[in-house]
>>> print(open('entry.pdb').read())   # PDB, C-alpha atoms and all ligand atoms
ATOM      1  CA  MET K 125       0.000   0.000   0.000
ATOM      2  CA  ALA K 126       1.346   3.437  -0.895
ATOM      3  CA  PRO K 127       2.091   5.662   2.081
ATOM      4  CA  GLU K 128      -0.544   8.303   2.473
ATOM      5  CA  THR K 129      -0.244  11.622   4.196
ATOM      6  CA  ALA K 130      -3.389  13.141   5.574
ATOM      7  CA  GLY K 131      -1.969  16.556   4.835
ATOM      8  CA  GLY K 132      -3.197  18.319   1.850
ATOM      9  CA  ASP K 133      -4.353  18.277  -1.683
ATOM     10  CA  PRO K 134      -1.865  20.535  -3.514
ATOM     11  CA  GLY K 135      -4.527  21.257  -6.131
ATOM     12  CA  THR K 136      -6.833  23.018  -3.725
ATOM     13  CA  GLY K 137      -4.370  23.929  -1.012
ATOM     14  CA  GLY K 138      -6.841  22.523   1.543
ATOM     15  CA  ALA K 139      -5.949  19.927   4.176
ATOM     16  CA  ALA K 140      -7.166  16.384   3.581
ATOM     17  CA  LEU K 141     -10.692  15.733   4.722
ATOM     18  CA  PRO K 142     -11.473  12.445   6.456
ATOM     19  CA  ARG K 143     -14.034  10.499   4.429
ATOM     20  CA  HIS K 144     -15.445   8.715   7.452
ATOM     21  CA  VAL K 145     -15.490  10.131  10.987
ATOM     22  CA  ALA K 146     -16.799   8.212  13.990
ATOM     23  CA  ILE K 147     -17.500   9.699  17.403
ATOM     24  CA  ILE K 148     -17.832   8.131  20.848
ATOM     25  CA  MET K 149     -20.192  10.726  22.274
ATOM     26  CA  ASP K 150     -19.224  10.587  25.924
ATOM     27  CA  GLY K 151     -19.680  12.911  28.889
ATOM     28  CA  ASN K 152     -23.405  13.707  28.977
ATOM     29  CA  GLY K 153     -23.702  12.649  32.614
ATOM     30  CA  ARG K 154     -20.723  14.717  33.731
ATOM     31  CA  TRP K 155     -22.007  17.733  31.781
ATOM     32  CA  ALA K 156     -25.277  17.518  33.730
ATOM     33  CA  LYS K 157     -23.546  16.906  37.061
ATOM     34  CA  LYS K 158     -21.454  20.055  36.671
ATOM     35  CA  ARG K 159     -24.713  21.983  36.395
ATOM     36  CA  PHE K 160     -26.432  20.163  39.273
ATOM     37  CA  LEU K 161     -28.918  18.762  36.755
ATOM     38  CA  PRO K 162     -30.242  15.200  36.390
ATOM     39  CA  ARG K 163     -28.364  12.961  33.926
ATOM     40  CA  PHE K 164     -31.360  13.154  31.605
ATOM     41  CA  ALA K 165     -30.644  16.854  31.027
ATOM     42  CA  GLY K 166     -27.169  15.882  29.844
ATOM     43  CA  HIS K 167     -28.558  13.345  27.387
ATOM     44  CA  LYS K 168     -31.046  15.923  26.129
ATOM     45  CA  ALA K 169     -28.242  18.416  25.558
ATOM     46  CA  GLY K 170     -26.355  15.570  23.879
ATOM     47  CA  VAL K 171     -29.128  15.233  21.290
ATOM     48  CA  GLU K 172     -28.768  18.936  20.523
ATOM     49  CA  ALA K 173     -25.048  18.353  19.951
ATOM     50  CA  VAL K 174     -25.882  15.473  17.581
ATOM     51  CA  ARG K 175     -27.979  17.882  15.548
ATOM     52  CA  THR K 176     -25.269  20.563  15.490
ATOM     53  CA  VAL K 177     -22.427  18.187  14.668
ATOM     54  CA  THR K 178     -24.272  16.260  11.935
ATOM     55  CA  ARG K 179     -25.099  19.577  10.249
ATOM     56  CA  ALA K 180     -21.483  20.705  10.538
ATOM     57  CA  ALA K 181     -20.178  17.411   9.134
ATOM     58  CA  ARG K 182     -22.517  17.803   6.176
ATOM     59  CA  ALA K 183     -21.416  21.373   5.564
ATOM     60  CA  MET K 184     -17.772  20.256   5.616
ATOM     61  CA  GLY K 185     -18.392  17.551   3.035
ATOM     62  CA  ILE K 186     -17.628  14.552   5.247
ATOM     63  CA  GLU K 187     -19.009  11.488   3.461
ATOM     64  CA  ALA K 188     -19.886   9.369   6.473
ATOM     65  CA  LEU K 189     -20.404  10.169  10.149
ATOM     66  CA  THR K 190     -20.892   7.337  12.626
ATOM     67  CA  LEU K 191     -22.190   8.170  16.103
ATOM     68  CA  TYR K 192     -22.038   5.785  19.063
ATOM     69  CA  ALA K 193     -25.418   6.329  20.695
ATOM     70  CA  PHE K 194     -25.977   3.124  22.691
ATOM     71  CA  SER K 195     -23.468   0.368  23.336
ATOM     72  CA  SER K 196     -24.224  -3.286  23.942
ATOM     73  CA  GLU K 197     -22.890  -2.646  27.464
ATOM     74  CA  ASN K 198     -25.195   0.310  28.158
ATOM     75  CA  TRP K 199     -27.963  -2.115  29.189
ATOM     76  CA  ARG K 200     -26.049  -2.246  32.486
ATOM     77  CA  ARG K 201     -27.326   1.222  33.343
ATOM     78  CA  PRO K 202     -30.393   1.708  35.561
ATOM     79  CA  GLU K 203     -33.627   0.844  33.772
ATOM     80  CA  GLU K 204     -34.835   4.419  33.973
ATOM     81  CA  GLU K 205     -31.768   5.777  32.191
ATOM     82  CA  VAL K 206     -32.004   3.112  29.463
ATOM     83  CA  SER K 207     -35.618   4.057  28.928
ATOM     84  CA  ASP K 208     -34.720   7.788  28.865
ATOM     85  CA  LEU K 209     -32.150   7.097  26.148
ATOM     86  CA  MET K 210     -34.696   5.132  24.080
ATOM     87  CA  GLY K 211     -37.161   7.986  24.547
ATOM     88  CA  LEU K 212     -34.636  10.499  23.241
ATOM     89  CA  LEU K 213     -33.938   8.303  20.232
ATOM     90  CA  ARG K 214     -37.663   8.384  19.452
ATOM     91  CA  VAL K 215     -37.724  12.164  19.843
ATOM     92  CA  PHE K 216     -34.688  12.548  17.592
ATOM     93  CA  ILE K 217     -36.138  10.399  14.805
ATOM     94  CA  ARG K 218     -39.489  12.167  14.989
ATOM     95  CA  SER K 219     -38.063  15.670  15.000
ATOM     96  CA  ASP K 220     -35.171  15.224  12.573
ATOM     97  CA  ILE K 221     -36.232  12.722   9.931
ATOM     98  CA  GLU K 222     -37.754  15.406   7.672
ATOM     99  CA  GLU K 223     -34.502  17.351   7.675
ATOM    100  CA  LEU K 224     -32.474  14.223   6.884
ATOM    101  CA  VAL K 225     -34.792  13.357   3.977
ATOM    102  CA  ARG K 226     -34.661  16.926   2.671
ATOM    103  CA  GLU K 227     -30.889  17.213   3.020
ATOM    104  CA  ASN K 228     -30.308  14.047   0.967
ATOM    105  CA  VAL K 229     -28.787  12.221   3.984
ATOM    106  CA  ARG K 230     -28.723   8.439   3.984
ATOM    107  CA  LEU K 231     -29.535   7.180   7.476
ATOM    108  CA  ARG K 232     -28.008   3.839   8.500
ATOM    109  CA  VAL K 233     -27.823   1.887  11.732
ATOM    110  CA  ILE K 234     -25.123  -0.481  12.950
ATOM    111  CA  GLY K 235     -25.550  -2.759  15.942
ATOM    112  CA  GLU K 236     -28.235  -5.150  17.087
ATOM    113  CA  TYR K 237     -31.022  -2.578  17.280
ATOM    114  CA  ARG K 238     -33.606  -5.260  16.630
ATOM    115  CA  ARG K 239     -33.350  -6.112  20.309
ATOM    116  CA  PHE K 240     -35.081  -2.804  21.076
ATOM    117  CA  SER K 241     -38.847  -2.693  21.597
ATOM    118  CA  ALA K 242     -40.890  -3.507  18.489
ATOM    119  CA  ASP K 243     -42.306  -0.008  18.008
ATOM    120  CA  LEU K 244     -38.856   1.562  18.191
ATOM    121  CA  VAL K 245     -37.459  -0.971  15.711
ATOM    122  CA  LYS K 246     -40.275  -0.033  13.365
ATOM    123  CA  MET K 247     -39.558   3.674  13.788
ATOM    124  CA  VAL K 248     -35.894   3.118  13.003
ATOM    125  CA  ASP K 249     -36.668   0.905   9.989
ATOM    126  CA  ASP K 250     -39.171   3.445   8.636
ATOM    127  CA  ALA K 251     -36.635   6.247   9.037
ATOM    128  CA  ILE K 252     -33.950   4.231   7.231
ATOM    129  CA  ALA K 253     -36.400   3.393   4.437
ATOM    130  CA  ARG K 254     -37.379   7.043   4.019
ATOM    131  CA  THR K 255     -33.776   8.040   3.315
ATOM    132  CA  ALA K 256     -32.806   4.909   1.370
ATOM    133  CA  ALA K 257     -33.127   6.578  -2.042
ATOM    134  CA  ASN K 258     -31.000   9.549  -0.987
ATOM    135  CA  THR K 259     -27.555   9.908  -2.495
ATOM    136  CA  GLY K 260     -25.786  12.325  -0.143
ATOM    137  CA  PRO K 261     -23.795  11.995   3.088
ATOM    138  CA  ILE K 262     -24.285   8.946   5.283
ATOM    139  CA  LEU K 263     -25.309   9.298   8.920
ATOM    140  CA  VAL K 264     -24.743   6.075  10.839
ATOM    141  CA  ILE K 265     -26.139   5.636  14.332
ATOM    142  CA  ALA K 266     -24.659   2.809  16.416
ATOM    143  CA  LEU K 267     -27.494   1.301  18.449
ATOM    144  CA  ASN K 268     -26.941  -1.636  20.778
ATOM    145  CA  TYR K 269     -23.587  -1.857  19.035
ATOM    146  CA  GLY K 270     -20.646  -3.895  20.272
ATOM    147  CA  ALA K 271     -17.627  -4.513  18.063
ATOM    148  CA  GLN K 272     -16.810  -7.912  19.564
ATOM    149  CA  ALA K 273     -20.367  -9.129  18.909
ATOM    150  CA  GLU K 274     -20.137  -7.747  15.360
ATOM    151  CA  ILE K 275     -16.916  -9.694  14.702
ATOM    152  CA  ALA K 276     -18.325 -12.854  16.321
ATOM    153  CA  ALA K 277     -21.415 -12.591  14.090
ATOM    154  CA  ALA K 278     -19.151 -12.275  11.046
ATOM    155  CA  ALA K 279     -17.247 -15.396  12.126
ATOM    156  CA  ARG K 280     -20.492 -17.325  12.604
ATOM    157  CA  SER K 281     -21.793 -16.304   9.208
ATOM    158  CA  LEU K 282     -18.562 -17.356   7.441
ATOM    159  CA  ALA K 283     -18.428 -20.626   9.394
ATOM    160  CA  ARG K 284     -21.996 -21.401   8.416
ATOM    161  CA  ARG K 285     -21.155 -20.966   4.741
ATOM    162  CA  ALA K 286     -17.970 -22.995   5.058
ATOM    163  CA  VAL K 287     -19.848 -25.862   6.705
ATOM    164  CA  ALA K 288     -22.420 -25.723   3.885
ATOM    165  CA  ASN K 289     -19.551 -25.945   1.383
ATOM    166  CA  GLN K 290     -20.395 -22.546  -0.036
ATOM    167  CA  LEU K 291     -17.063 -21.088   0.967
ATOM    168  CA  SER K 292     -13.583 -22.550   1.237
ATOM    169  CA  VAL K 293     -11.757 -22.040   4.525
ATOM    170  CA  GLU K 294      -8.845 -20.500   2.596
ATOM    171  CA  ALA K 295     -11.184 -17.792   1.279
ATOM    172  CA  ILE K 296     -11.700 -16.467   4.809
ATOM    173  CA  ASP K 297      -9.404 -13.463   4.706
ATOM    174  CA  GLU K 298      -9.604  -9.872   5.912
ATOM    175  CA  ALA K 299     -11.758  -8.804   2.978
ATOM    176  CA  ALA K 300     -14.178 -11.682   3.580
ATOM    177  CA  ILE K 301     -14.565 -10.672   7.217
ATOM    178  CA  GLU K 302     -15.021  -7.028   6.259
ATOM    179  CA  ARG K 303     -17.854  -7.966   3.923
ATOM    180  CA  GLU K 304     -19.722  -9.429   6.910
ATOM    181  CA  LEU K 305     -19.394  -6.402   9.177
ATOM    182  CA  ASP K 306     -22.211  -3.891   9.709
ATOM    183  CA  THR K 307     -19.945  -1.266   8.147
ATOM    184  CA  ARG K 308     -19.475  -3.186   4.885
ATOM    185  CA  ASP K 309     -20.923  -0.412   2.707
ATOM    186  CA  LEU K 310     -19.162   2.501   4.392
ATOM    187  CA  PRO K 311     -15.932   4.229   3.421
ATOM    188  CA  PRO K 312     -12.912   3.148   5.513
ATOM    189  CA  LEU K 313     -12.801   4.767   8.938
ATOM    190  CA  ASP K 314     -10.352   7.686   8.874
ATOM    191  CA  LEU K 315     -10.872   9.483  12.164
ATOM    192  CA  LEU K 316     -12.223   8.209  15.479
ATOM    193  CA  ILE K 317     -12.960  10.849  18.108
ATOM    194  CA  ARG K 318     -13.860  10.298  21.775
ATOM    195  CA  THR K 319     -15.051  13.179  23.894
ATOM    196  CA  SER K 320     -14.951  13.657  27.683
ATOM    197  CA  GLY K 321     -11.320  12.766  28.359
ATOM    198  CA  GLU K 322     -11.790   8.991  28.601
ATOM    199  CA  VAL K 323      -9.089   7.181  26.662
ATOM    200  CA  ARG K 324     -10.595   3.861  25.627
ATOM    201  CA  LEU K 325     -12.656   2.442  22.778
ATOM    202  CA  SER K 326     -15.434   0.848  24.849
ATOM    203  CA  ASN K 327     -16.049  -1.877  22.269
ATOM    204  CA  PHE K 328     -16.560   0.560  19.365
ATOM    205  CA  LEU K 329     -15.415  -0.239  15.793
ATOM    206  CA  LEU K 330     -12.461  -2.364  16.952
ATOM    207  CA  TRP K 331     -11.865  -3.917  13.540
ATOM    208  CA  GLN K 332     -12.462  -0.708  11.603
ATOM    209  CA  ALA K 333     -10.126   1.329  13.826
ATOM    210  CA  ALA K 334      -7.071  -0.716  12.801
ATOM    211  CA  TYR K 335      -5.594   2.230  10.908
ATOM    212  CA  ALA K 336      -7.921   5.057  11.854
ATOM    213  CA  GLU K 337      -6.431   8.165  13.405
ATOM    214  CA  LEU K 338      -7.556   8.385  17.032
ATOM    215  CA  LEU K 339      -8.348  11.648  18.760
ATOM    216  CA  PHE K 340      -9.286  11.984  22.417
ATOM    217  CA  VAL K 341     -10.585  15.385  23.494
ATOM    218  CA  ASP K 342     -11.563  16.633  26.956
ATOM    219  CA  THR K 343     -14.703  18.428  25.757
ATOM    220  CA  LEU K 344     -17.883  16.868  27.136
ATOM    221  CA  TRP K 345     -20.202  15.726  24.339
ATOM    222  CA  PRO K 346     -22.950  18.368  24.862
ATOM    223  CA  ASP K 347     -20.267  21.066  24.438
ATOM    224  CA  PHE K 348     -18.872  19.553  21.230
ATOM    225  CA  ASP K 349     -19.912  21.726  18.261
ATOM    226  CA  GLY K 350     -19.050  22.612  14.669
ATOM    227  CA  ALA K 351     -15.876  24.415  15.724
ATOM    228  CA  ALA K 352     -14.771  21.378  17.739
ATOM    229  CA  LEU K 353     -15.370  19.158  14.720
ATOM    230  CA  ALA K 354     -13.441  21.551  12.487
ATOM    231  CA  ALA K 355     -10.553  21.496  14.989
ATOM    232  CA  ALA K 356     -10.599  17.683  15.019
ATOM    233  CA  VAL K 357     -10.541  17.589  11.229
ATOM    234  CA  ALA K 358      -7.656  20.082  11.173
ATOM    235  CA  THR K 359      -5.714  17.846  13.590
ATOM    236  CA  PHE K 360      -6.411  14.896  11.301
ATOM    237  CA  GLY K 361      -4.994  16.923   8.415
ATOM    238  CA  GLN K 362      -1.696  17.251  10.316
ATOM    239  CA  ARG K 363      -1.323  13.516  10.920
ATOM    240  CA  GLN K 364       0.975  11.420   8.783
ATOM    241  CA  ARG K 365      -0.506   8.056   7.936
ATOM    242  CA  ARG K 366       2.115   5.479   7.194
ATOM    243  CA  TYR K 367       0.286   2.153   7.312
ATOM    244  CA  GLY K 368       3.449   0.425   8.392
ATOM    245  CA  GLY K 369       5.524   1.957   5.597
ATOM    246  CA  LEU K 370       7.910   4.878   5.757
TER     247      LEU K 370
HETATM  248  C1  LIG Y 401     -22.609   9.309  26.848
HETATM  249  O1  LIG Y 401     -22.622   9.998  28.043
HETATM  250  C2  LIG Y 401     -23.984   8.886  26.429
HETATM  251  C3  LIG Y 401     -24.202   7.442  26.397
HETATM  252  C4  LIG Y 401     -23.382   6.520  26.793
HETATM  253  C5  LIG Y 401     -25.488   7.025  25.881
HETATM  254  P1  LIG Y 401     -22.549   9.253  29.435
HETATM  255  O2  LIG Y 401     -23.947   8.986  29.904
HETATM  256  O3  LIG Y 401     -21.684   8.059  29.369
HETATM  257  O4  LIG Y 401     -21.898  10.376  30.329
HETATM  258  P2  LIG Y 401     -20.839  10.179  31.499
HETATM  259  O5  LIG Y 401     -19.739   9.332  30.973
HETATM  260  O6  LIG Y 401     -21.576   9.527  32.626
HETATM  261  O7  LIG Y 401     -20.405  11.568  31.823
HETATM  262  C1  LIG Y 402     -19.449   4.573  25.379
HETATM  263  O1  LIG Y 402     -19.608   5.388  26.500
HETATM  264  C2  LIG Y 402     -20.785   4.316  24.745
HETATM  265  C3  LIG Y 402     -21.430   5.457  24.123
HETATM  266  C4  LIG Y 402     -20.948   6.672  24.008
HETATM  267  C5  LIG Y 402     -22.709   5.186  23.544
HETATM  268  P1  LIG Y 402     -19.756   4.776  27.966
HETATM  269  O2  LIG Y 402     -19.823   5.951  28.874
HETATM  270  O3  LIG Y 402     -20.862   3.814  28.017
HETATM  271  O4  LIG Y 402     -18.381   3.970  28.115
HETATM  272  P2  LIG Y 402     -17.606   3.493  29.419
HETATM  273  O5  LIG Y 402     -18.599   2.801  30.291
HETATM  274  O6  LIG Y 402     -17.077   4.727  30.095
HETATM  275  O7  LIG Y 402     -16.507   2.631  28.913
HETATM  276 MG    MG Y 403     -19.726   7.718  29.693
END
>>> encode(input="entry.pdb", output="structure tokens")
Amino acid sequence: MAPETAGGDPGTGGAALPRHVAIIMDGNGRWAKKRFLPRFAGHKAGVEAVRTVTRAARAMGIEALTLYAFSSENWRRPEEEVSDLMGLLRVFIRSDIEELVRENVRLRVIGEYRRFSADLVKMVDDAIARTAANTGPILVIALNYGAQAEIAAAARSLARRAVANQLSVEAIDEAAIERELDTRDLPPLDLLIRTSGEVRLSNFLLWQAAYAELLFVDTLWPDFDGAALAAAVATFGQRQRRYGGL
């Protein structure tokens, strides 16, 4: 693979833009706590940040934005908080679907969201269907997503085909695994951002992050805005990607 620098298209003089940005939106609870507010207020403010940042990503010309909204481990939270988060997802779909349709955004979901309640699954499916014919930027929401489960599901699917003699064991390579992942149709992940100062991946896009640039910022998610995204993209533009080469 040819070495690739993230820095700059000489033709335009602009810094390289990541094609696919993913964000671990963390810090809603701490944002609320600092203001002596219930955690729910932090999640609500977090939805506002989702709106702001998706608009900014669109304006910047980022092809795909993946947002970690609910992890497969978040079921461990108190029932009330889980139900608050589901409620906010409903609110977001209801209030924002028209804008996504109008703005030519393709909405996608990764993760095992079919484990959610039937009416919410239907809402999500309807929203995806409404944007399916769009041709513009892709907004991916990770719902009940866990990277290890995603990779295990890929392994099961390949094993099933191998056992049925539809696939030779030798054909199971990186590309074959990639074709089984939820992200199969997305551009390669270029930039992975986590807010709130935590420095871990929390089971997010483990396979896809192999050569992504990682950026950990202290900003709490509800405070992350268009300027913060622009700063992250500028930092990405300064990184040198070597992929093991020189
Ligand atoms: C991120 O904020 C939102 C979700 C995980 C859904 P947190 O709720 O994790 O906020 P902190 O980490 O407690 O501050
Ligand atoms: C990761 O944040 C999941 C989402 C942002 C949806 P968490 O707050 O759940 O992660 P941990 O528990 O700190 O690892
Ligand atoms: Mg957190």
>>> closest_atom_pairs(input="entry.pdb", of="chain K", to="ligand LIG 402 (chain Y)", cutoff="6 Å", atoms="only C-alpha atoms and all ligand atoms", output="Markdown table")
| residue | atom | partner | partner_atom | distance |
| --- | --- | --- | --- | --- |
| K:Ile148 | CA | Y:LIG402 | C4 | 4.7 |
| K:Met149 | CA | Y:LIG402 | C4 | 4.5 |
| K:Asp150 | CA | Y:LIG402 | C4 | 4.7 |
| K:Tyr192 | CA | Y:LIG402 | C5 | 4.6 |
| K:Ala193 | CA | Y:LIG402 | C5 | 4.1 |
| K:Phe194 | CA | Y:LIG402 | C5 | 4.0 |
| K:Ser195 | CA | Y:LIG402 | C5 | 4.9 |
| K:Asn198 | CA | Y:LIG402 | O3 | 5.6 |
| K:Ser326 | CA | Y:LIG402 | O7 | 4.6 |
>>> write_last_selection(input="entry.pdb", atoms="C-alpha atoms", output="PDB file, keeping the file's coordinate frame")
ATOM      1  CA  ILE K 148     -17.832   8.131  20.848  1.00  0.00           C
ATOM      2  CA  MET K 149     -20.192  10.726  22.274  1.00  0.00           C
ATOM      3  CA  ASP K 150     -19.224  10.587  25.924  1.00  0.00           C
ATOM      4  CA  TYR K 192     -22.038   5.785  19.063  1.00  0.00           C
ATOM      5  CA  ALA K 193     -25.418   6.329  20.695  1.00  0.00           C
ATOM      6  CA  PHE K 194     -25.977   3.124  22.691  1.00  0.00           C
ATOM      7  CA  SER K 195     -23.468   0.368  23.336  1.00  0.00           C
ATOM      8  CA  ASN K 198     -25.195   0.310  28.158  1.00  0.00           C
ATOM      9  CA  SER K 326     -15.434   0.848  24.849  1.00  0.00           C
TER      10      SER K 326
END
>>> residues_near_ligand(input="entry.pdb", ligand="ligand MG 403 (chain Y)", cutoff="9 Å", atoms="all atoms listed in the file", output="list of chain:residue names")
K:Met149, K:Asp150, K:Gly151, K:Asn152, K:Gly153, K:Arg154, K:Ser320, K:Glu322
>>> axis_aligned_box(input="entry.pdb", around="ligand LIG 401 (chain Y)", padding_each_side="6 Å", output="lines of an AutoDock Vina configuration file")
center_x = -22.6
center_y = 9.0
center_z = 29.3
size_x = 17.7
size_y = 17.0
size_z = 18.7
>>> resolve_selection(input="entry.pdb", expression="the PyMOL selection byres (((chain K and resi 184-191) around 6) and not hetatm)", output="list in words")
Arg143, His144, Val145, Ala146, Ile147, Ala181, Arg182, Ala183, Tyr192, Ala193, Pro261, Ile262, Leu263, Val264, Ile265 and Ala266 of chain K
>>> atom_distance(input="entry.pdb", atom1="atom CA of K:Leu316", atom2="atom CA of K:Leu338")
4.9 Å
>>> atom_distance(input="entry.pdb", atom1="atom CA of K:Leu313", atom2="atom CA of K:Ala283")
26.0 Å
>>> decode(input="entry.pdb", residues="stretch 309-345 of chain K", atoms="C-alpha atoms", output="PDB file, in the first residue's frame")
ATOM      1  CA  ASP K 309     -20.923  -0.412   2.707  1.00  0.00           C
ATOM      2  CA  LEU K 310     -19.162   2.501   4.392  1.00  0.00           C
ATOM      3  CA  PRO K 311     -15.932   4.229   3.421  1.00  0.00           C
ATOM      4  CA  PRO K 312     -12.912   3.148   5.513  1.00  0.00           C
ATOM      5  CA  LEU K 313     -12.801   4.767   8.938  1.00  0.00           C
ATOM      6  CA  ASP K 314     -10.352   7.686   8.874  1.00  0.00           C
ATOM      7  CA  LEU K 315     -10.872   9.483  12.164  1.00  0.00           C
ATOM      8  CA  LEU K 316     -12.223   8.209  15.479  1.00  0.00           C
ATOM      9  CA  ILE K 317     -12.960  10.849  18.108  1.00  0.00           C
ATOM     10  CA  ARG K 318     -13.860  10.298  21.775  1.00  0.00           C
ATOM     11  CA  THR K 319     -15.051  13.179  23.894  1.00  0.00           C
ATOM     12  CA  SER K 320     -14.951  13.657  27.683  1.00  0.00           C
ATOM     13  CA  GLY K 321     -11.320  12.766  28.359  1.00  0.00           C
ATOM     14  CA  GLU K 322     -11.790   8.991  28.601  1.00  0.00           C
ATOM     15  CA  VAL K 323      -9.089   7.181  26.662  1.00  0.00           C
ATOM     16  CA  ARG K 324     -10.595   3.861  25.627  1.00  0.00           C
ATOM     17  CA  LEU K 325     -12.656   2.442  22.778  1.00  0.00           C
ATOM     18  CA  SER K 326     -15.434   0.848  24.849  1.00  0.00           C
ATOM     19  CA  ASN K 327     -16.049  -1.877  22.269  1.00  0.00           C
ATOM     20  CA  PHE K 328     -16.560   0.560  19.365  1.00  0.00           C
ATOM     21  CA  LEU K 329     -15.415  -0.239  15.793  1.00  0.00           C
ATOM     22  CA  LEU K 330     -12.461  -2.364  16.952  1.00  0.00           C
ATOM     23  CA  TRP K 331     -11.865  -3.917  13.540  1.00  0.00           C
ATOM     24  CA  GLN K 332     -12.462  -0.708  11.603  1.00  0.00           C
ATOM     25  CA  ALA K 333     -10.126   1.329  13.826  1.00  0.00           C
ATOM     26  CA  ALA K 334      -7.071  -0.716  12.801  1.00  0.00           C
ATOM     27  CA  TYR K 335      -5.594   2.230  10.908  1.00  0.00           C
ATOM     28  CA  ALA K 336      -7.921   5.057  11.854  1.00  0.00           C
ATOM     29  CA  GLU K 337      -6.431   8.165  13.405  1.00  0.00           C
ATOM     30  CA  LEU K 338      -7.556   8.385  17.032  1.00  0.00           C
ATOM     31  CA  LEU K 339      -8.348  11.648  18.760  1.00  0.00           C
ATOM     32  CA  PHE K 340      -9.286  11.984  22.417  1.00  0.00           C
ATOM     33  CA  VAL K 341     -10.585  15.385  23.494  1.00  0.00           C
ATOM     34  CA  ASP K 342     -11.563  16.633  26.956  1.00  0.00           C
ATOM     35  CA  THR K 343     -14.703  18.428  25.757  1.00  0.00           C
ATOM     36  CA  LEU K 344     -17.883  16.868  27.136  1.00  0.00           C
ATOM     37  CA  TRP K 345     -20.202  15.726  24.339  1.00  0.00           C
TER      38      TRP K 345
END
